[in-house]
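Colleague: For reference, this is final-v1.cif, and it has mmCIF, C-alpha atoms.
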data_target
#
loop_
_atom_site.label_atom_id
_atom_site.label_comp_id
_atom_site.auth_asym_id
_atom_site.auth_seq_id
_atom_site.Cartn_x
_atom_site.Cartn_y
_atom_site.Cartn_z
CA MET A 1 0.00 0.00 0.00
CA ASN A 2 1.30 3.40 -0.93
CA ASP A 3 1.23 5.64 2.16
CA LYS A 4 2.31 8.78 0.34
CA ILE A 5 -0.29 11.52 0.37
CA LYS A 6 -0.40 15.04 -0.95
CA ILE A 7 -1.21 18.08 1.18
CA VAL A 8 -1.26 21.79 0.39
CA ILE A 9 0.35 24.34 2.74
CA ASP A 10 -0.02 28.02 1.84
CA GLY A 11 -0.83 27.13 -1.76
CA LYS A 12 2.16 24.83 -2.28
CA GLU A 13 1.90 21.08 -2.68
CA TYR A 14 3.92 18.75 -0.46
CA TRP A 15 4.27 14.97 -0.16
CA THR A 16 3.96 13.33 3.23
CA GLU A 17 2.82 10.06 4.81
CA HIS A 18 -0.30 8.82 6.55
CA GLY A 19 -0.11 8.94 10.34
CA LYS A 20 1.97 12.09 10.57
CA THR A 21 0.70 15.22 12.23
CA ILE A 22 0.48 18.47 10.25
CA LEU A 23 3.32 19.87 12.39
CA ASP A 24 5.70 16.99 11.60
CA ALA A 25 4.71 16.84 7.92
CA ALA A 26 5.37 20.58 7.61
CA LYS A 27 8.71 20.22 9.38
CA ASP A 28 9.80 17.40 7.04
CA ASN A 29 9.07 19.72 4.13
CA GLY A 30 10.93 22.74 5.52
CA VAL A 31 7.84 24.63 6.70
CA PHE A 32 8.06 25.98 10.24
CA ILE A 33 4.90 25.99 12.35
CA PRO A 34 5.67 27.53 15.76
CA SER A 35 4.89 25.44 18.85
CA LEU A 36 5.86 25.47 22.51
CA CYS A 37 4.36 22.28 23.93
CA HIS A 38 5.26 19.82 21.18
CA VAL A 39 8.14 17.37 21.65
CA GLU A 40 9.01 15.12 18.75
CA GLY A 41 8.28 11.49 19.45
CA VAL A 42 6.27 12.21 22.60
CA LYS A 43 2.51 12.01 23.00
CA THR A 44 0.84 15.25 21.94
CA ALA A 45 -0.53 17.61 24.60
CA GLY A 46 -2.03 20.35 22.42
CA SER A 47 -1.83 22.71 25.37
CA CYS A 48 -0.10 25.85 24.06
CA ARG A 49 -2.29 26.42 20.94
CA ILE A 50 0.47 28.35 19.17
CA CYS A 51 0.58 25.87 16.29
CA ASN A 52 -2.94 26.90 15.23
CA VAL A 53 -3.35 26.57 11.46
CA LYS A 54 -6.37 26.76 9.20
CA VAL A 55 -7.32 23.31 7.93
CA ASN A 56 -9.89 23.45 5.15
CA GLY A 57 -10.97 26.78 6.64
CA ARG A 58 -11.13 25.73 10.30
CA ASN A 59 -8.64 26.54 13.05
CA MET A 60 -6.90 23.37 14.23
CA THR A 61 -3.75 22.66 16.23
CA ALA A 62 -1.09 21.34 13.85
CA CYS A 63 0.51 19.18 16.55
CA SER A 64 -2.62 17.11 17.18
CA THR A 65 -4.23 16.95 13.75
CA PRO A 66 -3.18 14.06 11.49
CA VAL A 67 -2.66 14.78 7.81
CA ALA A 68 -5.19 13.54 5.26
CA GLU A 69 -5.09 13.32 1.48
CA GLY A 70 -5.78 16.67 -0.18
CA MET A 71 -5.81 18.68 3.04
CA THR A 72 -5.55 22.43 2.47
CA ILE A 73 -3.58 24.10 5.25
CA VAL A 74 -2.97 27.80 5.82
CA ASN A 75 0.03 28.54 8.03
CA ASN A 76 1.36 31.90 6.94
CA HIS A 77 -1.57 34.28 7.37
CA PRO A 78 -1.89 37.66 9.15
CA GLU A 79 -4.85 36.44 11.24
CA LEU A 80 -2.93 33.37 12.47
CA GLU A 81 0.21 35.43 13.07
CA GLU A 82 -1.84 37.82 15.21
CA LEU A 83 -3.45 34.95 17.14
CA ARG A 84 -0.07 33.33 17.83
CA LYS A 85 1.46 36.63 18.85
CA ALA A 86 -1.44 37.26 21.24
CA ILE A 87 -0.91 33.83 22.86
CA VAL A 88 2.80 34.59 23.33
CA GLU A 89 1.88 37.94 24.89
CA VAL A 90 -0.59 36.26 27.28
CA MET A 91 2.17 33.88 28.37
CA PHE A 92 4.54 36.79 28.97
CA VAL A 93 2.11 38.66 31.24
CA ALA A 94 0.72 35.57 33.01
CA GLY A 95 4.16 34.67 34.39
CA ASN A 96 7.20 36.49 35.70
CA HIS A 97 9.33 36.59 32.58
CA PHE A 98 12.18 38.86 33.62
CA CYS A 99 14.37 38.06 30.62
CA PRO A 100 17.41 40.07 31.81
CA ALA A 101 17.47 38.08 35.08
CA CYS A 102 16.67 34.64 33.66
CA GLU A 103 19.34 32.00 33.10
CA LYS A 104 17.38 30.62 30.15
CA SER A 105 17.49 33.93 28.27
CA GLY A 106 18.85 33.46 24.75
CA ASN A 107 17.91 29.78 24.77
CA CYS A 108 14.25 30.34 25.70
CA GLU A 109 11.68 29.32 23.11
CA LEU A 110 8.99 31.67 24.43
CA GLN A 111 11.42 34.58 24.17
CA ALA A 112 12.49 33.40 20.71
CA LEU A 113 8.85 33.45 19.56
CA GLY A 114 8.58 36.97 21.01
CA TYR A 115 11.51 37.91 18.78
CA ARG A 116 10.08 36.13 15.77
CA PHE A 117 6.70 37.85 16.13
CA LEU A 118 8.48 41.15 16.92
CA MET A 119 6.69 41.56 20.24
CA LEU A 120 7.83 44.94 21.54
CA VAL A 121 5.36 45.03 24.43
CA PRO A 122 2.50 42.71 25.47
CA ARG A 123 -0.93 44.29 24.96
CA PHE A 124 -2.24 42.83 28.26
CA PRO A 125 -1.57 44.01 31.85
CA TYR A 126 1.15 42.19 33.78
CA GLU A 127 -0.03 39.83 36.50
CA PHE A 128 3.23 39.34 38.46
CA PRO A 129 2.05 36.05 40.00
CA ASP A 130 3.52 34.55 43.16
CA LYS A 131 3.23 30.81 42.60
CA GLY A 132 6.35 29.80 44.45
CA VAL A 133 9.81 28.47 43.77
CA ASN A 134 11.16 25.05 44.72
CA ALA A 135 14.92 24.62 45.09
CA GLU A 136 14.87 21.62 47.39
CA SER A 137 16.19 18.95 45.02
CA LYS A 138 19.89 18.57 44.42
CA TYR A 139 20.30 19.75 40.85
CA ILE A 140 16.98 21.34 39.90
CA TYR A 141 15.61 24.79 40.55
CA HIS A 142 11.90 24.91 39.74
CA ASP A 143 10.32 28.36 39.30
CA ARG A 144 6.57 28.03 38.83
CA ASN A 145 6.22 31.74 38.05
CA ARG A 146 7.87 31.11 34.69
CA CYS A 147 5.90 27.97 33.85
CA ILE A 148 3.64 28.13 30.79
CA LEU A 149 1.97 24.76 31.55
CA CYS A 150 3.13 23.15 28.31
CA LYS A 151 3.50 19.84 30.16
CA ARG A 152 6.68 18.88 28.31
CA CYS A 153 8.33 17.99 31.63
CA VAL A 154 5.28 16.01 32.80
CA ARG A 155 5.45 13.88 29.66
CA THR A 156 9.20 13.34 29.42
CA VAL A 157 11.10 13.66 32.71
CA MET A 158 11.09 10.21 34.35
CA LYS A 159 13.10 8.51 37.10
CA ASP A 160 12.72 4.78 37.81
CA ASP A 161 9.58 4.75 35.61
CA LYS A 162 7.97 7.47 37.72
CA HIS A 163 7.04 11.00 36.67
CA VAL A 164 9.18 13.68 38.33
CA PHE A 165 6.73 16.45 37.43
CA ALA A 166 2.94 16.36 37.59
CA LEU A 167 0.03 18.68 36.91
CA ASN A 168 -1.68 19.82 40.11
CA SER A 169 -5.01 21.53 40.91
CA ARG A 170 -6.39 20.95 37.42
CA GLY A 171 -9.22 23.10 36.22
CA GLY A 172 -8.82 25.93 38.71
CA GLU A 173 -6.89 29.16 38.74
CA HIS A 174 -4.29 27.54 41.01
CA ILE A 175 -3.30 24.99 38.37
CA HIS A 176 0.44 24.39 38.47
CA ILE A 177 3.19 21.86 37.83
CA LYS A 178 4.48 20.20 40.98
CA ILE A 179 7.94 18.68 41.31
CA ASP A 180 8.50 15.48 43.29
CA THR A 181 11.57 16.75 45.16
CA GLU A 182 12.37 13.32 46.62
CA LEU A 183 12.40 11.72 43.17
CA ALA A 184 14.10 14.75 41.58
CA SER A 185 16.95 14.46 44.08
CA HIS A 186 17.82 11.10 42.55
CA LEU A 187 18.25 12.57 39.07
CA THR A 188 21.81 12.51 37.79
CA GLU A 189 23.42 15.75 36.61
CA GLU A 190 22.86 14.71 32.98
CA GLU A 191 19.19 13.92 33.64
CA ALA A 192 18.74 17.29 35.36
CA GLN A 193 20.35 19.02 32.37
CA ALA A 194 18.01 17.12 30.03
CA ALA A 195 15.05 18.34 32.14
CA MET A 196 16.26 21.94 31.82
CA ASP A 197 16.70 21.51 28.06
CA ILE A 198 13.21 20.07 27.56
CA CYS A 199 11.62 23.11 29.28
CA PRO A 200 10.84 25.75 26.63
CA VAL A 201 11.16 28.54 29.23
CA GLY A 202 13.22 29.02 32.40
CA ALA A 203 10.87 27.20 34.77
CA ILE A 204 13.24 24.22 35.14
CA LEU A 205 16.86 25.24 35.61
CA LYS A 206 19.86 23.10 36.41
CA LYS A 207 21.67 24.48 39.42
CA GLU A 208 25.22 25.78 38.96
CA ARG A 209 24.79 25.98 35.21
CA GLY A 210 23.58 29.57 34.81
CA TYR A 211 24.77 31.78 31.95
CA TYR A 212 26.91 28.96 30.55
CA ASN A 213 26.89 30.30 27.00
CA PRO A 214 27.97 33.93 26.60
CA ILE A 215 25.69 36.44 24.91
CA GLY A 216 26.13 36.13 21.16
CA GLU A 217 26.63 32.35 21.29
CA ARG A 218 23.22 31.35 22.58
CA LYS A 219 20.67 29.44 20.55
CA PHE A 220 18.52 32.34 19.38
CA ASP A 221 21.02 35.22 19.44
CA LYS A 222 21.68 35.31 15.71
CA GLN A 223 18.98 33.21 14.04
CA PRO A 224 15.22 33.28 14.62
CA ILE A 225 13.52 30.18 15.99
CA GLY A 226 12.43 27.95 13.09
CA SER A 227 15.18 29.09 10.73
CA GLU A 228 16.88 25.70 11.15
CA ILE A 229 13.76 24.15 9.61
CA GLU A 230 13.22 26.78 6.95
CA ASN A 231 16.86 26.83 5.78
CA LYS A 232 17.19 23.05 5.61
CA MET B 1 12.24 74.63 10.46
CA SER B 2 13.39 74.36 14.07
CA LYS B 3 14.97 71.16 15.33
CA PRO B 4 12.84 68.55 17.12
CA VAL B 5 13.27 68.78 20.90
CA LEU B 6 14.35 65.68 22.85
CA ALA B 7 13.93 65.01 26.59
CA THR B 8 15.09 61.94 28.52
CA THR B 9 14.77 60.63 32.06
CA SER B 10 15.61 57.65 34.21
CA LEU B 11 12.85 56.56 36.62
CA ALA B 12 13.28 53.23 38.46
CA GLY B 13 16.18 52.28 36.21
CA CYS B 14 19.93 51.91 36.52
CA PHE B 15 20.94 54.49 33.88
CA GLY B 16 22.09 51.56 31.74
CA CYS B 17 19.74 52.62 28.94
CA HIS B 18 21.26 56.12 28.98
CA MET B 19 24.71 54.50 28.88
CA SER B 20 23.59 52.46 25.88
CA PHE B 21 22.26 55.67 24.32
CA LEU B 22 25.77 57.15 24.67
CA ASP B 23 27.07 54.02 22.94
CA ILE B 24 26.01 55.62 19.66
CA ASP B 25 29.59 56.96 19.92
CA GLU B 26 30.53 59.60 17.32
CA ARG B 27 26.96 59.63 15.99
CA ILE B 28 26.18 61.86 18.98
CA LEU B 29 27.74 64.71 16.96
CA GLU B 30 25.27 63.95 14.19
CA LEU B 31 22.45 63.82 16.76
CA ILE B 32 23.32 67.26 18.11
CA GLU B 33 22.84 68.60 14.58
CA LEU B 34 19.46 66.87 14.31
CA VAL B 35 17.84 67.57 17.69
CA GLU B 36 17.84 70.02 20.55
CA PHE B 37 18.01 68.59 24.08
CA ASN B 38 15.70 69.82 26.85
CA LYS B 39 15.12 68.20 30.27
CA SER B 40 17.63 65.37 30.38
CA PRO B 41 20.53 64.06 32.48
CA ILE B 42 22.64 64.41 29.32
CA ASP B 43 22.61 68.23 29.39
CA ASP B 44 21.56 68.46 33.08
CA ILE B 45 18.46 70.60 32.43
CA LYS B 46 16.28 69.78 35.46
CA THR B 47 12.87 71.14 34.44
CA PHE B 48 11.05 71.48 31.14
CA THR B 49 11.61 74.90 29.60
CA LYS B 50 9.51 74.27 26.48
CA GLN B 51 7.20 71.78 24.80
CA CYS B 52 9.21 68.75 23.59
CA ASP B 53 8.67 66.45 20.64
CA ILE B 54 10.20 63.21 21.88
CA GLY B 55 10.56 61.92 25.45
CA LEU B 56 12.66 58.84 26.17
CA ILE B 57 11.69 57.08 29.41
CA GLU B 58 14.07 54.68 31.10
CA GLY B 59 12.86 52.66 34.10
CA GLY B 60 9.45 51.77 35.49
CA CYS B 61 7.54 53.44 38.34
CA CYS B 62 8.44 52.31 41.86
CA ASN B 63 7.58 55.47 43.85
CA SER B 64 5.43 58.61 43.84
CA GLU B 65 8.22 60.74 42.36
CA ASN B 66 8.50 58.41 39.33
CA ILE B 67 4.75 58.84 38.73
CA HIS B 68 5.07 62.62 39.02
CA VAL B 69 7.99 62.78 36.55
CA LEU B 70 6.31 60.41 34.11
CA LYS B 71 3.07 62.44 34.10
CA ASP B 72 5.16 65.59 33.63
CA PHE B 73 6.81 63.98 30.60
CA ARG B 74 3.44 62.99 29.17
CA LYS B 75 2.24 66.56 29.55
CA ASN B 76 5.34 68.07 27.93
CA CYS B 77 6.21 65.56 25.17
CA LYS B 78 4.29 64.82 21.99
CA ILE B 79 5.75 61.33 21.71
CA LEU B 80 6.77 59.13 24.65
CA VAL B 81 9.03 56.13 24.13
CA SER B 82 9.51 53.39 26.77
CA VAL B 83 13.20 52.52 26.54
CA GLY B 84 14.31 49.21 28.03
CA GLU B 85 12.77 46.31 29.96
CA CYS B 86 12.24 48.30 33.19
CA ALA B 87 10.08 50.90 31.44
CA ILE B 88 8.25 48.17 29.51
CA MET B 89 7.61 45.61 32.25
CA GLY B 90 9.16 46.87 35.51
CA GLY B 91 12.39 44.95 34.98
CA LEU B 92 14.67 44.03 37.85
CA PRO B 93 13.02 46.42 40.37
CA ALA B 94 9.77 44.52 39.70
CA LEU B 95 11.33 41.38 41.17
CA ARG B 96 9.92 42.74 44.44
CA ASN B 97 6.37 42.62 43.09
CA GLY B 98 5.59 39.28 44.75
CA ILE B 99 6.82 40.51 48.15
CA PRO B 100 4.87 42.92 50.41
CA VAL B 101 6.53 46.38 50.72
CA GLU B 102 6.74 46.02 54.50
CA GLU B 103 8.73 42.80 54.15
CA CYS B 104 11.08 44.44 51.61
CA LEU B 105 11.75 47.39 53.92
CA ARG B 106 12.24 45.16 56.93
CA GLU B 107 14.78 43.03 55.05
CA ALA B 108 16.58 46.10 53.67
CA TYR B 109 16.76 48.22 56.84
CA LEU B 110 16.04 46.09 59.91
CA ASP B 111 16.70 42.37 59.54
CA GLY B 112 19.05 42.04 56.55
CA PRO B 113 22.68 40.95 56.93
CA THR B 114 24.07 44.43 56.09
CA VAL B 115 22.06 46.62 58.49
CA GLY B 116 24.64 46.70 61.29
CA LEU B 117 24.96 50.50 61.29
CA ASN B 118 21.22 51.05 61.66
CA THR B 119 21.42 50.64 65.44
CA GLU B 120 18.31 52.74 66.09
CA LYS B 121 16.34 50.38 63.83
CA ILE B 122 14.54 53.10 61.89
CA LEU B 123 12.96 52.86 58.47
CA PRO B 124 13.60 55.85 56.15
CA ASN B 125 10.69 58.15 56.98
CA ASP B 126 11.75 61.68 56.02
CA ASP B 127 8.93 63.73 54.48
CA GLU B 128 11.22 64.59 51.56
CA LEU B 129 11.46 60.95 50.51
CA PRO B 130 8.98 59.77 47.86
CA MET B 131 6.46 57.11 48.88
CA LEU B 132 7.16 53.58 47.67
CA LEU B 133 4.37 52.13 45.56
CA ASP B 134 2.80 48.77 46.40
CA LYS B 135 4.62 47.32 43.39
CA VAL B 136 6.68 48.45 40.42
CA TYR B 137 4.52 49.47 37.45
CA PRO B 138 5.38 49.45 33.75
CA CYS B 139 5.16 53.01 32.34
CA HIS B 140 2.30 52.19 29.96
CA GLU B 141 0.12 51.18 32.93
CA ILE B 142 0.47 54.76 34.26
CA VAL B 143 0.33 56.96 31.13
CA LYS B 144 -0.14 56.42 27.41
CA ILE B 145 3.16 55.35 25.81
CA ASP B 146 3.56 55.64 22.05
CA TYR B 147 6.53 53.39 21.24
CA TYR B 148 8.56 50.65 22.92
CA LEU B 149 12.23 49.75 22.58
CA PRO B 150 12.94 46.45 24.38
CA GLY B 151 16.31 45.31 25.67
CA CYS B 152 18.37 45.38 28.83
CA PRO B 153 19.65 47.72 27.66
CA PRO B 154 18.30 48.28 24.13
CA THR B 155 21.30 48.30 21.83
CA ALA B 156 22.70 51.67 20.77
CA ASP B 157 21.74 50.77 17.20
CA LEU B 158 18.11 50.21 18.20
CA ILE B 159 17.92 53.55 20.03
CA TRP B 160 19.66 55.31 17.14
CA ASN B 161 17.52 53.68 14.43
CA ALA B 162 14.34 54.53 16.35
CA LEU B 163 15.34 58.16 16.94
CA ILE B 164 16.32 58.65 13.30
CA ALA B 165 13.06 57.07 12.16
CA LEU B 166 11.08 59.37 14.47
CA ILE B 167 12.99 62.47 13.38
CA THR B 168 13.02 61.80 9.63
CA GLY B 169 9.71 59.96 9.37
CA ASP B 170 11.41 57.08 7.55
CA GLU B 171 10.43 53.49 8.21
CA LEU B 172 12.17 51.93 11.22
CA LYS B 173 14.55 49.12 10.30
CA LEU B 174 14.59 46.30 12.86
CA PRO B 175 17.18 43.62 11.98
CA TYR B 176 16.86 40.38 14.02
CA GLU B 177 19.99 40.95 16.14
CA VAL B 178 18.82 44.40 17.26
CA VAL B 179 15.60 43.51 19.10
CA LYS B 180 16.41 41.49 22.24
CA PHE B 181 14.81 41.33 25.69
CA ASP B 182 18.12 41.02 27.57
#
Have the structure of the file written as structure tokens, please.
Modeller:
Amino acid sequence: MNDKIKIVIDGKEYWTEHGKTILDAAKDNGVFIPSLCHVEGVKTAGSCRICNVKVNGRNMTACSTPVAEGMTIVNNHPELEELRKAIVEVMFVAGNHFCPACEKSGNCELQALGYRFLMLVPRFPYEFPDKGVNAESKYIYHDRNRCILCKRCVRTVMKDDKHVFALNSRGGEHIHIKIDTELASHLTEEEAQAAMDICPVGAILKKERGYYNPIGERKFDKQPIGSEIENK
Amino acid sequence: MSKPVLATTSLAGCFGCHMSFLDIDERILELIELVEFNKSPIDDIKTFTKQCDIGLIEGGCCNSENIHVLKDFRKNCKILVSVGECAIMGGLPALRNGIPVEECLREAYLDGPTVGLNTEKILPNDDELPMLLDKVYPCHEIVKIDYYLPGCPPTADLIWNALIALITGDELKLPYEVVKFD
């Protein structure tokens, strides 16, 4: 059986395979769809909504929608750009994103999207939440005020087949990610670094690692996020 | 035609944005030809002597004096520009926003590790001192701000490009490397 199917993104035809999501199919073809919660190879969460695209005229999240033969997808559109930018702005005001004082600055995907969308100031009032910081485990510093609830850590950071991070107080305004400090203390340095790297913002930091790369040599200092896909 | 008039101030900031402004280096000679300075730490004029065209605001609002100066700038400048992260979102001073003012003062003047000389255990209470606000506010939550230049500090090129665009009316060029939040 031939699994190859044809889809259309922004008026151009691309080949892809059954079973892929729009996000992955676009990526394979050098089209960048921004996303904060998606991790390749890990079960989709669909929580950040930044990968919104128009599929046959309807808004759908590219990370959770499988491709289908003849699908018409709009990715590059002023309305979508505005929607994505607004979501990024909401995330900036809903947390304490003090970029100059954050160790993740320059490697932060939320910040990088702010750059890509040329966010000069969020249109919403700042909330300055006080959700608490946990620095009890050996290698990990967990700042909930920076968390955007993408659940990447919940889905990927494991120790002895147990989840180190979990979603707490679902459904209410006090929803937050909780760290199992006991379990987190057993993480090796490499595992703690991997946890920091999986976090798109600076909510999970590895202790004693701050400002490792100098300004100018960080991930998003010279090239916008997504350019590695677009320039492939 | 007379030159556009420029005013600048530093509210709850560290003067880093003004330092970055001076990083335009020899272009400051060009700037002097293009604009006239009014109230600004750069020429040390303390009060507005005329209506200004452009006001550059560094720093957010952490006390009653900041609010007063900011409102004065709004009244006297046609265009206000928030320069730097502190003006835009409170910046480092806003790190205190999750902590009650009383706790901040107690830590700074009574219980902190460096308060040894404050033997009488008094909090600064002179009438001349401005009142601290409950938290640090971004400038655009106090008055209407027209433009924003992010960065900590914004690069000299960003400040220069923006000023030139405002003065000449040309489109502002924003290369990727120039707009950063840190």
Colleague: Applied to this file, what does the PyMOL selection byres ((chain B) within 6 of (chain A)) return in terms of residues, put as an MDAnalysis selection string?
Modeller: chainID B and resid 98 148 177 181:182
Colleague: Would you mind telling me which residue in B:Tyr176, B:Asn66, B:Lys3, B:Thr8 lies nearest to Asp43 (chain B) when using all atoms listed in the file?
Modeller: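 Under the stated criterion, the closest residue is B:Thr8.
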Colleague: With all atoms listed in the file as the counted atoms, please give the residues lying no more than 12 Å from Thr119 (chain B), apart from itself and same-chain residues fewer than 4 positions off, as an NGL selection string.
Modeller: :B and (109-111 or 114-115 or 123)
Colleague: Can you list, as number ranges by chain, every protein, DNA or RNA residue that comes within 8 Å of region 80-97 of chain B when you count all atoms listed in the file, leaving out same-chain residues fewer than 6 positions away?
Modeller: A: 98, 100-101, 121, 126, 128; B: 12-13, 17, 54-62, 73-74, 104, 134-140, 144-154, 181-182
Colleague: Next, the residues of the selection above should be written as an mmCIF file, in the coordinates of the input with C-alpha atoms.
Modeller:
data_model
loop_
_atom_site.group_PDB
_atom_site.id
_atom_site.type_symbol
_atom_site.label_atom_id
_atom_site.label_comp_id
_atom_site.auth_asym_id
_atom_site.auth_seq_id
_atom_site.Cartn_x
_atom_site.Cartn_y
_atom_site.Cartn_z
ATOM 1 C CA PHE A 98 12.180 38.860 33.620
ATOM 2 C CA PRO A 100 17.410 40.070 31.810
ATOM 3 C CA ALA A 101 17.470 38.080 35.080
ATOM 4 C CA VAL A 121 5.360 45.030 24.430
ATOM 5 C CA TYR A 126 1.150 42.190 33.780
ATOM 6 C CA PHE A 128 3.230 39.340 38.460
ATOM 7 C CA ALA B 12 13.280 53.230 38.460
ATOM 8 C CA GLY B 13 16.180 52.280 36.210
ATOM 9 C CA CYS B 17 19.740 52.620 28.940
ATOM 10 C CA ILE B 54 10.200 63.210 21.880
ATOM 11 C CA GLY B 55 10.560 61.920 25.450
ATOM 12 C CA LEU B 56 12.660 58.840 26.170
ATOM 13 C CA ILE B 57 11.690 57.080 29.410
ATOM 14 C CA GLU B 58 14.070 54.680 31.100
ATOM 15 C CA GLY B 59 12.860 52.660 34.100
ATOM 16 C CA GLY B 60 9.450 51.770 35.490
ATOM 17 C CA CYS B 61 7.540 53.440 38.340
ATOM 18 C CA CYS B 62 8.440 52.310 41.860
ATOM 19 C CA PHE B 73 6.810 63.980 30.600
ATOM 20 C CA ARG B 74 3.440 62.990 29.170
ATOM 21 C CA CYS B 104 11.080 44.440 51.610
ATOM 22 C CA ASP B 134 2.800 48.770 46.400
ATOM 23 C CA LYS B 135 4.620 47.320 43.390
ATOM 24 C CA VAL B 136 6.680 48.450 40.420
ATOM 25 C CA TYR B 137 4.520 49.470 37.450
ATOM 26 C CA PRO B 138 5.380 49.450 33.750
ATOM 27 C CA CYS B 139 5.160 53.010 32.340
ATOM 28 C CA HIS B 140 2.300 52.190 29.960
ATOM 29 C CA LYS B 144 -0.140 56.420 27.410
ATOM 30 C CA ILE B 145 3.160 55.350 25.810
ATOM 31 C CA ASP B 146 3.560 55.640 22.050
ATOM 32 C CA TYR B 147 6.530 53.390 21.240
ATOM 33 C CA TYR B 148 8.560 50.650 22.920
ATOM 34 C CA LEU B 149 12.230 49.750 22.580
ATOM 35 C CA PRO B 150 12.940 46.450 24.380
ATOM 36 C CA GLY B 151 16.310 45.310 25.670
ATOM 37 C CA CYS B 152 18.370 45.380 28.830
ATOM 38 C CA PRO B 153 19.650 47.720 27.660
ATOM 39 C CA PRO B 154 18.300 48.280 24.130
ATOM 40 C CA PHE B 181 14.810 41.330 25.690
ATOM 41 C CA ASP B 182 18.120 41.020 27.570
#
Colleague: Using only C-alpha atoms, which of B:Val101, B:Leu34, B:Ala156, B:Ile167 sits nearest Leu22 (chain B)?
Modeller: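 The shortest atom-to-atom distance to Leu22 (chain B) comes from B:Ala156.
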Colleague: May I ask which of the residues A:Ser185, A:Asn107, A:Ser169, A:Thr61 is the closest one to Ser137 (chain A), counting all atoms listed in the file?
Modeller: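 Looking only at the distances to Ser137 (chain A), the closest residue turns out to be A:Ser185.
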Colleague: Quick one: everything within 10 Å of Glu40 (chain A), counting only C-alpha atoms, minus sequence neighbours fewer than 6 positions away in the same chain. Send it as a list in words.
Modeller: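 Skipping anything fewer than 6 positions along the chain leaves Leu23, Asp24 and Cys63 of chain A.
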Colleague: Rounded to one decimal, what separation in Å do you get between CA of Cys37 (chain A) and CA of Lys151 (chain A)?
Modeller: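 Computing it gives 6.7 Å between the two atoms.
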Colleague: To one decimal in Å, tell me the separation between CA of Met196 (chain A) and CA of Glu173 (chain A).
Modeller: 25.2 Å
Colleague: I'd like the neighbourhood of His186 (chain A) as a count of residues only, where a residue qualifies if any of its atoms comes within 9 Å (using only C-alpha atoms), though same-chain residues fewer than 4 positions away should be ignored.
Modeller: 5
